[in-house]
$ cat run.cif   # mmCIF, C-alpha atoms and all ligand atoms
data_protein
loop_
_atom_site.label_atom_id
_atom_site.label_comp_id
_atom_site.auth_asym_id
_atom_site.auth_seq_id
_atom_site.Cartn_x
_atom_site.Cartn_y
_atom_site.Cartn_z
CA MET A 282 45.27 29.96 252.54
CA VAL A 283 48.16 31.90 251.03
CA LEU A 284 46.96 34.95 249.15
CA PRO A 285 48.73 36.95 246.45
CA ILE A 286 50.66 39.89 247.90
CA MET A 287 50.35 43.52 246.84
CA ARG A 288 52.92 45.99 248.12
CA LEU A 289 52.28 49.71 248.32
CA LYS A 290 54.69 52.39 247.15
CA ALA A 291 56.50 54.48 249.73
CA ARG A 292 54.33 56.72 251.95
CA ARG A 293 51.07 55.36 250.54
CA GLU A 294 50.07 53.45 253.70
CA LYS A 295 48.97 56.39 255.82
CA ASP A 296 45.26 56.45 254.94
CA ILE A 297 44.95 52.67 255.37
CA ILE A 298 46.49 52.87 258.84
CA ARG A 299 44.01 55.65 259.69
CA GLY A 300 41.10 53.40 258.72
CA HIS A 301 40.30 54.38 255.14
CA PRO A 302 39.84 51.08 253.27
CA TRP A 303 40.49 52.16 249.66
CA ILE A 304 43.75 51.71 247.76
CA PHE A 305 44.02 53.38 244.37
CA SER A 306 45.77 51.58 241.53
CA GLY A 307 48.55 54.20 241.43
CA ALA A 308 49.60 53.37 245.00
CA ILE A 309 50.53 49.75 244.25
CA GLN A 310 54.08 48.73 243.34
CA ALA A 311 54.73 46.92 240.07
CA PRO A 312 54.98 44.13 239.13
CA LEU A 313 51.49 43.10 240.16
CA PRO A 314 50.68 39.42 240.70
CA GLN A 315 47.93 37.86 238.58
CA VAL A 316 44.68 38.11 240.53
CA PRO A 317 41.24 37.29 239.10
CA ARG A 318 38.69 40.12 239.16
CA GLY A 319 37.45 40.47 242.74
CA GLY A 320 40.05 38.04 244.12
CA LEU A 321 41.48 38.34 247.64
CA VAL A 322 44.93 39.82 248.30
CA ASP A 323 47.17 40.64 251.25
CA VAL A 324 48.50 44.19 251.34
CA TYR A 325 51.88 45.19 252.76
CA ALA A 326 53.63 48.52 253.21
CA ILE A 327 57.05 49.11 251.68
CA ASP A 328 58.68 48.23 255.03
CA ASN A 329 56.99 44.78 254.89
CA SER A 330 54.48 45.52 257.63
CA PHE A 331 51.04 43.96 257.07
CA LEU A 332 48.36 46.56 256.27
CA GLY A 333 45.27 44.55 255.51
CA ARG A 334 43.45 41.90 253.52
CA GLY A 335 40.98 42.84 250.85
CA TYR A 336 39.81 42.27 247.31
CA TYR A 337 41.31 43.49 244.07
CA ASN A 338 39.92 44.68 240.76
CA ALA A 339 42.31 45.75 237.99
CA GLU A 340 39.44 47.41 236.09
CA THR A 341 38.77 50.24 238.55
CA ASP A 342 40.71 53.15 240.05
CA ILE A 343 39.86 51.90 243.50
CA ALA A 344 41.91 48.77 242.96
CA ILE A 345 41.75 47.30 246.47
CA ARG A 346 39.20 47.56 249.25
CA ILE A 347 40.31 46.34 252.65
CA LEU A 348 38.06 43.86 254.49
CA THR A 349 40.19 43.32 257.58
CA MET A 350 43.32 44.82 259.13
CA ASN A 351 43.82 41.70 261.22
CA GLN A 352 46.35 39.33 259.67
CA ASP A 353 44.92 36.37 261.59
CA GLU A 354 41.41 36.84 260.21
CA PRO A 355 40.68 34.77 257.09
CA ILE A 356 37.83 35.87 254.82
CA ASP A 357 35.53 32.91 255.38
CA LEU A 358 32.01 32.14 256.59
CA ASP A 359 32.96 32.99 260.18
CA PHE A 360 34.28 36.37 259.11
CA PHE A 361 30.94 37.29 257.54
CA LYS A 362 28.98 35.93 260.50
CA LYS A 363 31.07 38.06 262.85
CA ARG A 364 30.56 41.20 260.77
CA ILE A 365 26.79 40.57 260.61
CA ARG A 366 26.56 39.98 264.38
CA GLY A 367 28.42 43.24 264.97
CA ALA A 368 26.03 45.07 262.66
CA MET A 369 23.00 43.56 264.43
CA LYS A 370 24.37 44.66 267.82
CA LEU A 371 24.74 48.26 266.71
CA ARG A 372 21.11 48.31 265.56
CA GLU A 373 19.53 46.52 268.54
CA SER A 374 18.08 49.74 269.89
CA LEU A 375 16.04 50.30 266.73
CA GLU A 376 13.95 47.19 267.35
CA ARG A 377 14.02 47.49 271.14
CA HIS A 378 12.37 50.88 271.15
CA GLN A 379 9.92 49.55 268.60
CA GLN A 380 10.82 52.32 266.25
CA THR A 381 11.06 49.94 263.36
CA ASN A 382 11.57 46.45 262.05
CA ALA A 383 13.20 47.77 258.89
CA TYR A 384 16.72 49.13 258.71
CA ARG A 385 19.97 48.95 256.82
CA LEU A 386 21.76 46.00 258.36
CA ILE A 387 24.98 46.26 256.37
CA HIS A 388 26.11 49.67 255.12
CA SER A 389 29.15 48.80 253.04
CA GLU A 390 32.37 50.41 254.37
CA GLY A 391 30.47 51.69 257.42
CA ASP A 392 29.97 48.09 258.53
CA LEU A 393 33.48 47.08 257.48
CA LEU A 394 32.14 45.24 254.43
CA PRO A 395 32.93 47.45 251.41
CA GLY A 396 30.63 46.78 248.46
CA PHE A 397 27.99 44.95 250.49
CA ILE A 398 24.54 46.37 251.26
CA ALA A 399 21.81 44.48 253.11
CA ASP A 400 18.51 46.10 254.06
CA LYS A 401 16.13 44.36 256.44
CA TYR A 402 12.42 44.72 255.77
CA ALA A 403 10.68 42.79 258.58
CA ASP A 404 11.42 39.13 257.78
CA TYR A 405 13.02 39.79 254.40
CA LEU A 406 16.40 41.02 253.25
CA SER A 407 17.23 42.99 250.16
CA VAL A 408 20.91 42.93 249.14
CA GLN A 409 23.23 44.72 246.72
CA PHE A 410 26.77 43.90 245.61
CA SER A 411 28.31 47.02 244.14
CA THR A 412 31.88 45.78 243.55
CA ALA A 413 33.46 42.79 241.82
CA GLY A 414 35.00 41.70 245.12
CA ALA A 415 31.66 41.75 246.93
CA ASP A 416 30.03 40.00 243.99
CA ALA A 417 32.63 37.23 244.11
CA LEU A 418 32.04 36.72 247.86
CA GLN A 419 28.24 36.83 247.74
CA GLY A 420 27.82 33.08 248.37
CA LEU A 421 29.52 33.31 251.79
CA PHE A 422 27.66 36.51 252.63
CA ILE A 423 24.27 34.98 251.86
CA GLU A 424 25.08 31.83 253.82
CA ALA A 425 26.08 33.97 256.81
CA LEU A 426 22.92 36.10 256.54
CA VAL A 427 20.74 32.99 256.52
CA ALA A 428 22.56 31.58 259.56
CA GLU A 429 22.49 34.77 261.63
CA MET A 430 19.16 36.34 260.59
CA GLN A 431 16.91 33.40 259.59
CA PRO A 432 15.10 35.53 257.00
CA LYS A 433 12.08 34.27 255.08
CA GLY A 434 13.67 35.43 251.87
CA ILE A 435 16.62 37.30 250.37
CA PHE A 436 16.18 39.41 247.26
CA ALA A 437 18.95 40.86 245.05
CA ARG A 438 18.79 44.46 243.80
CA ASN A 439 21.86 44.48 241.61
CA ASP A 440 20.20 46.84 239.16
CA ILE A 441 22.53 49.65 240.32
CA PHE A 442 24.62 51.70 237.91
CA GLY A 443 27.76 51.50 240.06
CA ARG A 444 28.30 47.88 239.05
CA THR A 445 29.23 48.86 235.50
CA ARG A 446 32.27 50.77 236.80
CA GLU A 447 33.51 47.46 238.20
CA GLY A 448 33.01 45.57 234.95
CA LEU A 449 29.90 43.86 236.33
CA GLU A 450 26.49 43.45 234.72
CA ARG A 451 23.47 45.28 236.01
CA GLU A 452 21.05 42.48 236.82
CA PHE A 453 17.26 42.35 236.87
CA PRO A 454 15.99 42.18 240.46
CA HIS A 455 15.69 38.54 241.46
CA ALA A 456 15.30 36.19 244.41
CA LEU A 457 18.48 34.72 245.87
CA TRP A 458 17.06 32.65 248.65
CA GLY A 459 13.66 31.67 250.09
CA GLU A 460 10.39 33.31 249.15
CA THR A 461 9.70 36.69 247.55
CA PRO A 462 6.57 38.53 248.66
CA ASP A 463 4.82 41.08 246.40
CA PHE A 464 5.02 43.62 249.22
CA VAL A 465 6.42 43.74 252.74
CA ASP A 466 4.60 45.76 255.41
CA ILE A 467 7.07 47.29 257.84
CA GLN A 468 6.64 49.39 260.99
CA GLU A 469 8.26 52.76 261.56
CA HIS A 470 7.47 55.16 264.43
CA GLY A 471 4.01 53.61 264.71
CA ALA A 472 3.20 53.75 260.99
CA THR A 473 2.70 50.77 258.72
CA ILE A 474 4.60 51.26 255.49
CA ARG A 475 4.17 49.00 252.48
CA VAL A 476 7.43 48.36 250.64
CA ASP A 477 7.85 47.01 247.13
CA ILE A 478 11.22 45.27 247.43
CA GLN A 479 11.07 44.05 243.83
CA LYS A 480 10.36 47.26 241.93
CA GLY A 481 10.67 50.08 244.48
CA GLN A 482 13.45 52.69 244.33
CA LYS A 483 16.78 51.85 246.00
CA THR A 484 16.05 48.54 247.78
CA GLY A 485 12.40 49.54 248.24
CA PHE A 486 12.37 52.37 250.78
CA PHE A 487 14.50 55.32 251.93
CA LEU A 488 15.56 53.89 255.27
CA ASP A 489 18.13 56.67 255.72
CA GLN A 490 15.39 59.25 256.36
CA ARG A 491 13.78 57.48 259.32
CA ASP A 492 15.08 59.84 262.02
CA LYS A 493 14.05 62.92 259.99
CA ARG A 494 10.58 61.42 259.45
CA GLY A 495 10.36 60.95 263.22
CA LEU A 496 11.16 64.61 263.93
CA ILE A 497 8.68 65.81 261.29
CA GLY A 498 6.07 63.72 263.10
CA GLN A 499 6.87 65.55 266.34
CA LEU A 500 6.45 68.94 264.66
CA ALA A 501 3.34 68.19 262.63
CA GLN A 502 0.36 68.59 264.93
CA GLY A 503 -2.14 71.06 263.47
CA LYS A 504 0.22 72.00 260.65
CA SER A 505 -0.11 72.09 256.87
CA VAL A 506 2.69 70.05 255.31
CA LEU A 507 4.14 70.14 251.81
CA ASN A 508 6.07 66.93 251.13
CA MET A 509 8.11 67.49 247.96
CA PHE A 510 9.82 64.46 246.38
CA SER A 511 7.57 62.37 248.58
CA TYR A 512 8.26 58.93 247.05
CA THR A 513 5.70 56.69 248.85
CA GLY A 514 4.79 59.46 251.28
CA GLY A 515 6.79 58.45 254.36
CA PHE A 516 7.01 62.00 255.76
CA GLY A 517 3.31 62.55 255.01
CA VAL A 518 2.04 59.49 256.83
CA MET A 519 4.19 60.40 259.83
CA ALA A 520 2.63 63.86 259.80
CA ALA A 521 -0.88 62.38 259.44
CA LEU A 522 -0.38 60.07 262.43
CA ASN A 523 0.61 63.12 264.43
CA HIS A 524 -2.54 65.06 263.48
CA ALA A 525 -1.28 67.36 260.77
CA ARG A 526 -4.05 69.58 259.38
CA LYS A 527 -3.32 69.10 255.69
CA ILE A 528 -0.77 67.11 253.68
CA THR A 529 0.29 67.65 250.09
CA SER A 530 2.65 65.11 248.53
CA VAL A 531 4.39 65.61 245.19
CA ASP A 532 6.50 63.12 243.24
CA GLN A 533 7.15 62.59 239.55
CA SER A 534 6.68 58.84 239.91
CA GLY A 535 3.12 57.60 239.37
CA PRO A 536 3.73 54.22 241.08
CA ALA A 537 5.26 56.00 244.11
CA ILE A 538 2.22 58.26 244.50
CA ALA A 539 -0.16 55.31 244.03
CA MET A 540 1.67 53.50 246.83
CA ALA A 541 1.59 56.68 248.97
CA LYS A 542 -2.24 56.63 248.75
CA ASP A 543 -2.34 52.93 249.69
CA ILE A 544 -0.09 53.60 252.68
CA MET A 545 -2.32 56.43 253.91
CA GLU A 546 -5.28 54.07 253.72
CA LEU A 547 -3.37 51.27 255.42
CA ASN A 548 -2.88 53.62 258.39
CA GLY A 549 -6.56 54.44 258.67
CA PHE A 550 -6.64 57.74 256.78
CA ASP A 551 -8.91 58.52 253.88
CA PRO A 552 -6.55 59.36 251.01
CA GLN A 553 -9.21 61.80 249.78
CA HIS A 554 -8.27 64.05 252.70
CA SER A 555 -4.73 64.49 251.45
CA GLN A 556 -3.53 65.95 248.21
CA PHE A 557 -1.36 63.75 245.96
CA ILE A 558 0.25 65.20 242.88
CA VAL A 559 2.20 63.35 240.19
CA GLY A 560 4.42 65.99 238.66
CA ASP A 561 7.75 67.74 238.43
CA ALA A 562 8.72 69.42 241.68
CA PHE A 563 9.98 72.66 240.14
CA THR A 564 6.90 73.08 237.95
CA GLU A 565 4.50 72.30 240.78
CA MET A 566 6.24 74.67 243.17
CA ASP A 567 6.13 77.50 240.63
CA ARG A 568 2.42 76.85 240.21
CA MET A 569 1.81 76.87 243.99
CA ILE A 570 3.77 80.11 244.39
CA ALA A 571 1.75 81.73 241.61
CA GLY A 572 -1.41 80.63 243.45
CA GLY A 573 -0.19 82.27 246.68
CA GLU A 574 -0.03 78.98 248.62
CA LYS A 575 1.85 78.71 251.94
CA PHE A 576 2.63 75.73 254.20
CA ASP A 577 3.66 75.53 257.85
CA ILE A 578 6.15 72.76 257.06
CA VAL A 579 7.93 72.31 253.75
CA ILE A 580 10.03 69.19 253.11
CA LEU A 581 12.53 69.07 250.25
CA ASP A 582 14.05 65.63 249.79
CA PRO A 583 15.25 65.49 246.18
CA PRO A 584 17.33 62.76 244.55
CA ALA A 585 21.10 63.39 244.41
CA PHE A 586 21.65 66.32 242.02
CA ALA A 587 25.43 65.65 242.05
CA LYS A 588 26.53 62.07 241.45
CA SER A 589 30.16 63.01 240.77
CA MET A 590 32.49 65.98 241.28
CA LYS A 591 31.93 67.26 237.76
CA ASP A 592 28.18 67.72 238.43
CA LYS A 593 28.87 69.89 241.46
CA PRO A 594 28.53 73.48 240.18
CA GLN A 595 25.32 72.67 238.32
CA ALA A 596 23.95 70.74 241.31
CA LEU A 597 24.64 73.62 243.71
CA ARG A 598 22.68 75.94 241.42
CA ALA A 599 19.78 73.47 241.36
CA TYR A 600 19.80 73.18 245.18
CA LYS A 601 19.80 76.96 245.47
CA LYS A 602 16.85 77.30 243.10
CA LEU A 603 14.92 74.51 244.81
CA ASN A 604 15.49 75.94 248.28
CA LYS A 605 14.47 79.40 247.15
CA LEU A 606 11.16 77.93 245.91
CA GLY A 607 10.77 75.98 249.16
CA LEU A 608 11.33 79.11 251.23
CA ASP A 609 8.82 81.04 249.11
CA LEU A 610 6.24 78.41 250.05
CA THR A 611 7.05 78.35 253.77
CA ALA A 612 4.63 80.32 255.94
CA GLU A 613 5.77 82.81 258.57
CA ASN A 614 7.13 80.95 261.61
CA GLY A 615 7.20 77.83 259.48
CA VAL A 616 9.79 75.10 259.17
CA LEU A 617 11.79 74.06 256.12
CA LEU A 618 13.39 70.65 256.16
CA THR A 619 15.90 70.61 253.33
CA CYS A 620 17.94 67.55 252.41
CA SER A 621 20.77 66.62 250.09
CA CYS A 622 21.95 63.09 249.42
CA SER A 623 24.70 64.22 247.03
CA GLY A 624 27.96 62.64 248.17
CA PRO A 625 30.23 65.21 246.47
CA ILE A 626 28.53 68.15 248.25
CA THR A 627 29.71 68.74 251.81
CA LEU A 628 27.56 69.81 254.72
CA GLU A 629 29.36 73.17 254.72
CA GLU A 630 28.63 73.72 251.01
CA PHE A 631 25.01 72.73 251.50
CA ARG A 632 24.60 75.18 254.40
CA GLU A 633 26.08 77.99 252.25
CA THR A 634 23.67 77.15 249.44
CA VAL A 635 20.67 77.33 251.75
CA ILE A 636 21.88 80.70 253.09
CA ASP A 637 22.12 81.97 249.49
CA ALA A 638 18.62 80.68 248.78
CA GLY A 639 17.41 82.53 251.90
CA VAL A 640 18.88 85.78 250.57
CA LYS A 641 17.14 85.25 247.21
CA ALA A 642 13.85 84.44 248.90
CA ASN A 643 14.12 87.43 251.25
CA LYS A 644 14.00 85.17 254.28
CA THR A 645 17.26 86.15 255.98
CA PRO A 646 18.38 85.53 258.62
CA LEU A 647 17.56 81.83 258.53
CA ARG A 648 18.01 79.77 261.67
CA ILE A 649 18.49 76.04 262.07
CA PHE A 650 17.48 74.00 265.07
CA GLN A 651 18.60 70.56 263.99
CA GLU A 652 21.15 69.15 261.59
CA MET A 653 21.07 65.47 260.81
CA GLU A 654 23.18 63.14 258.76
CA HIS A 655 22.91 59.36 258.85
CA GLY A 656 21.01 57.34 261.42
CA ILE A 657 22.51 54.53 263.47
CA ASP A 658 21.87 52.05 260.66
CA HIS A 659 24.04 54.00 258.20
CA PRO A 660 27.34 54.32 260.07
CA VAL A 661 30.29 55.83 258.20
CA LEU A 662 34.01 55.51 258.73
CA LEU A 663 35.42 58.51 260.55
CA ALA A 664 38.43 58.46 258.23
CA MET A 665 36.20 58.46 255.15
CA PRO A 666 34.34 61.78 255.19
CA GLU A 667 33.46 61.46 251.49
CA SER A 668 31.02 58.67 252.34
CA ARG A 669 28.83 61.07 254.36
CA TYR A 670 26.32 61.58 251.60
CA LEU A 671 23.25 62.67 253.55
CA LYS A 672 22.64 66.14 254.98
CA ALA A 673 19.38 67.39 256.45
CA LEU A 674 18.81 70.90 257.85
CA PHE A 675 15.72 71.82 259.86
CA CYS A 676 15.35 75.56 259.36
CA ALA A 677 13.18 77.98 261.31
CA VAL A 678 11.87 80.44 258.74
N1 LIG B 1 11.23 61.54 251.02
C1 LIG B 1 11.14 60.19 250.51
C2 LIG B 1 12.31 59.82 249.64
C3 LIG B 1 12.50 60.73 248.42
S1 LIG B 1 13.61 60.11 247.22
C4 LIG B 1 10.98 59.21 251.71
O1 LIG B 1 11.13 59.64 252.86
O2 LIG B 1 10.70 58.04 251.46
C5 LIG B 1 13.47 61.22 245.91
C6 LIG B 1 12.16 61.16 245.14
O3 LIG B 1 12.18 62.23 244.19
C7 LIG B 1 11.92 59.91 244.33
O4 LIG B 1 10.71 59.32 244.75
C8 LIG B 1 11.79 60.38 242.87
O5 LIG B 1 10.75 59.72 242.16
C9 LIG B 1 11.43 61.84 243.04
N2 LIG B 1 11.82 62.77 241.97
C10 LIG B 1 12.97 62.81 241.26
N3 LIG B 1 12.99 63.87 240.44
C11 LIG B 1 11.82 64.55 240.65
C12 LIG B 1 11.25 65.74 240.12
N4 LIG B 1 11.91 66.47 239.21
N5 LIG B 1 10.05 66.12 240.55
C13 LIG B 1 9.37 65.41 241.48
N6 LIG B 1 9.87 64.27 242.02
C14 LIG B 1 11.07 63.85 241.61
#

$ encode --input "run.cif" --output "structure tokens"
Amino acid sequence: MVLPIMRLKARREKDIIRGHPWIFSGAIQAPLPQVPRGGLVDVYAIDNSFLGRGYYNAETDIAIRILTMNQDEPIDLDFFKKRIRGAMKLRESLERHQQTNAYRLIHSEGDLLPGFIADKYADYLSVQFSTAGADALQGLFIEALVAEMQPKGIFARNDIFGRTREGLEREFPHALWGETPDFVDIQEHGATIRVDIQKGQKTGFFLDQRDKRGLIGQLAQGKSVLNMFSYTGGFGVMAALNHARKITSVDQSGPAIAMAKDIMELNGFDPQHSQFIVGDAFTEMDRMIAGGEKFDIVILDPPAFAKSMKDKPQALRAYKKLNKLGLDLTAENGVLLTCSCSGPITLEEFRETVIDAGVKANKTPLRIFQEMEHGIDHPVLLAMPESRYLKALFCAV
């Protein structure tokens, strides 16, 4: 198939050659061919060398996202099957070591499929199409997923805000293929976790925190644990399975806390033995500090305070305040796990913020013994540092 051609201006090919798949509208030479929203194009440098094949959207700054740098690779069913097989290979170890049967199978650019997300929850898949190009190709993607994964069902979570930037509708969650269960029970580090793929946050669960939950489990024996921003209590159940002494979970979402109780019970623990609080993290932490409470392990896993660059100064202040409160609640010789999933904030900036919080809380010098970013199921392109959204610091206090 002959595709429309887009040619870049002089010296605008460097990032593409280095493996960054985005082309901004300002880098493309006029006149532009007519391409429907999300349609495929071939991209050439000014010297006529082939750069890549991707999809185009005139309505966004990121006009083109490259799908392949191989001129002989058409974007067809085989292409998607190959990408999915590659993604499965990378994640084999997760199932083999029986850590889990739930993981991100396709992580957008990180799996060389910009705009495509697919999360595997046992026999079910939950998918998101965040760009017009991915949306236009969803039929092939679904067909390839069915062929390679044989899922019992595929569910669409296109209720994400990012779609509006691409001129797409936000959709109500709906089934795309096969059956849709009310809940899916998954396994992670020996815990059973119930996931609501229809109404849960993100695609149902925060798969990107699995490795941090595992390490908290290793640290938890005999400890009191404060799990702030707990969602459905993943960190807490991991701590309970590893014989933590006391677990307190706080989240502002009533449904998340209700599910957290169910999950505790599902794993053989009496939810009465843990404390579950529906409330605002900052308010609850102030209250605990006023009551003189201390915990051996404090976990801070808030939602992204900075969604874009303009939120950054305000977000850094909020992280500093939050971490100061967390440090106030950490007992002597305790551990603070502090996380940020704000894309615009770098690891370096996050470290500095935690140091500042330590000064405010009178807990200097702080030490860290583990820094984590994304697990194996959330690979990122080396040439695309801005997609490293997740930072987690394990601090010795
Ligand atoms: N640690 C969780 C994921 C946390 S996601 C896990 O491992 O599964 C962030 C959570 O913060 C969400 O559940 C959201 O409901 C909650 N949240 C957002 N703002 C909050 C606030 N101000 N106070 C308490 N919880 C909040």

$ residues_near_point --input "run.cif" --point "(4.3, 65.5, 253.6)" --cutoff "8 Å" --atoms "only C-alpha atoms" --output "number ranges by chain"
A: 506-509, 511, 514-518, 520, 528-530, 579-580

$ closest_residue --input "run.cif" --among "A:Val476, A:Leu606, A:Leu375, A:Ala571" --to "A:Ala537" --atoms "all atoms listed in the file"
A:Val476

$ residues_around --input "run.cif" --residues "stretch 489-491 of chain A" --least-positions-apart "5" --cutoff "10 Å" --atoms "all atoms listed in the file" --output "JSON, numbers by chain"
{"A": [380, 381, 383, 384, 385, 469, 470, 496, 497, 515, 516, 582, 620, 622, 653, 654, 655, 656, 657, 658, 659, 671, 673]}

$ closest_residue --input "run.cif" --among "A:Thr484, A:Thr341, A:Thr349, A:Asn523" --to "A:Leu500" --atoms "only C-alpha atoms"
A:Asn523

$ residues_around --input "run.cif" --residues "A:Leu289" --least-positions-apart "5" --cutoff "9 Å" --atoms "all atoms listed in the file" --output "list in words"
Glu294, Ile304, Ala308, Ile309, Gln310, Val324, Tyr325, Ala326 and Ile327 of chain A

$ residues_near_ligand --input "run.cif" --ligand "ligand LIG 1 (chain B)" --cutoff "6 Å" --atoms "all atoms listed in the file" --output "mmCIF file with C-alpha atoms, keeping the file's coordinate frame"
data_model
loop_
_atom_site.group_PDB
_atom_site.id
_atom_site.type_symbol
_atom_site.label_atom_id
_atom_site.label_comp_id
_atom_site.auth_asym_id
_atom_site.auth_seq_id
_atom_site.Cartn_x
_atom_site.Cartn_y
_atom_site.Cartn_z
ATOM 1 C CA PHE A 486 12.370 52.370 250.780
ATOM 2 C CA PHE A 487 14.500 55.320 251.930
ATOM 3 C CA GLN A 490 15.390 59.250 256.360
ATOM 4 C CA PHE A 510 9.820 64.460 246.380
ATOM 5 C CA SER A 511 7.570 62.370 248.580
ATOM 6 C CA TYR A 512 8.260 58.930 247.050
ATOM 7 C CA THR A 513 5.700 56.690 248.850
ATOM 8 C CA GLY A 515 6.790 58.450 254.360
ATOM 9 C CA PHE A 516 7.010 62.000 255.760
ATOM 10 C CA ASP A 532 6.500 63.120 243.240
ATOM 11 C CA GLN A 533 7.150 62.590 239.550
ATOM 12 C CA SER A 534 6.680 58.840 239.910
ATOM 13 C CA GLY A 560 4.420 65.990 238.660
ATOM 14 C CA ASP A 561 7.750 67.740 238.430
ATOM 15 C CA ALA A 562 8.720 69.420 241.680
ATOM 16 C CA ASP A 582 14.050 65.630 249.790
ATOM 17 C CA PRO A 583 15.250 65.490 246.180
ATOM 18 C CA PRO A 584 17.330 62.760 244.550
#

$ residues_around --input "run.cif" --residues "A:Lys362" --least-positions-apart "2" --cutoff "12 Å" --atoms "all atoms listed in the file" --output "PyMOL selection string"
chain A and resi 356-360+364-369+387+394+421-430

$ axis_aligned_box --input "run.cif" --around "stretch 462-473 of chain A" --padding-each-side "8 Å" --output "JSON"
{"center_x": 5.5, "center_y": 46.8, "center_z": 255.6, "size_x": 21.6, "size_y": 32.6, "size_z": 34.3}

$ residues_around --input "run.cif" --residues "A:Phe397" --least-positions-apart "3" --cutoff "12 Å" --atoms "all atoms listed in the file" --output "PyMOL selection string"
chain A and resi 346+348+361+364-365+385-394+400+407-419+421-423+426+437-439+444

$ residues_around --input "run.cif" --residues "stretch 550-556 of chain A" --least-positions-apart "3" --cutoff "8 Å" --atoms "all atoms listed in the file" --output "compact mmCIF listing (two decimals) with C-alpha atoms, in the coordinates of the input"
# COMPACT_ATOMS: atom_id res chain seq x y z
CA ALA A 521 -0.88 62.38 259.44
CA LYS A 527 -3.32 69.10 255.69
CA ILE A 528 -0.77 67.11 253.68
CA THR A 529 0.29 67.65 250.09
CA SER A 530 2.65 65.11 248.53
CA LYS A 542 -2.24 56.63 248.75
CA ASP A 543 -2.34 52.93 249.69
CA MET A 545 -2.32 56.43 253.91
CA GLU A 546 -5.28 54.07 253.72
CA LEU A 547 -3.37 51.27 255.42

$ residues_near_point --input "run.cif" --point "(11.9, 41.2, 255.1)" --cutoff "7 Å" --atoms "all atoms listed in the file" --output "compact mmCIF listing (two decimals) with C-alpha atoms, keeping the file's coordinate frame"
# COMPACT_ATOMS: atom_id res chain seq x y z
CA LYS A 401 16.13 44.36 256.44
CA TYR A 402 12.42 44.72 255.77
CA ALA A 403 10.68 42.79 258.58
CA ASP A 404 11.42 39.13 257.78
CA TYR A 405 13.02 39.79 254.40
CA LEU A 406 16.40 41.02 253.25
CA PRO A 432 15.10 35.53 257.00
CA LYS A 433 12.08 34.27 255.08
CA GLY A 434 13.67 35.43 251.87
CA VAL A 465 6.42 43.74 252.74

$ atom_distance --input "run.cif" --atom1 "atom CA of A:Glu447" --atom2 "atom CA of A:Tyr336"
12.2 Å
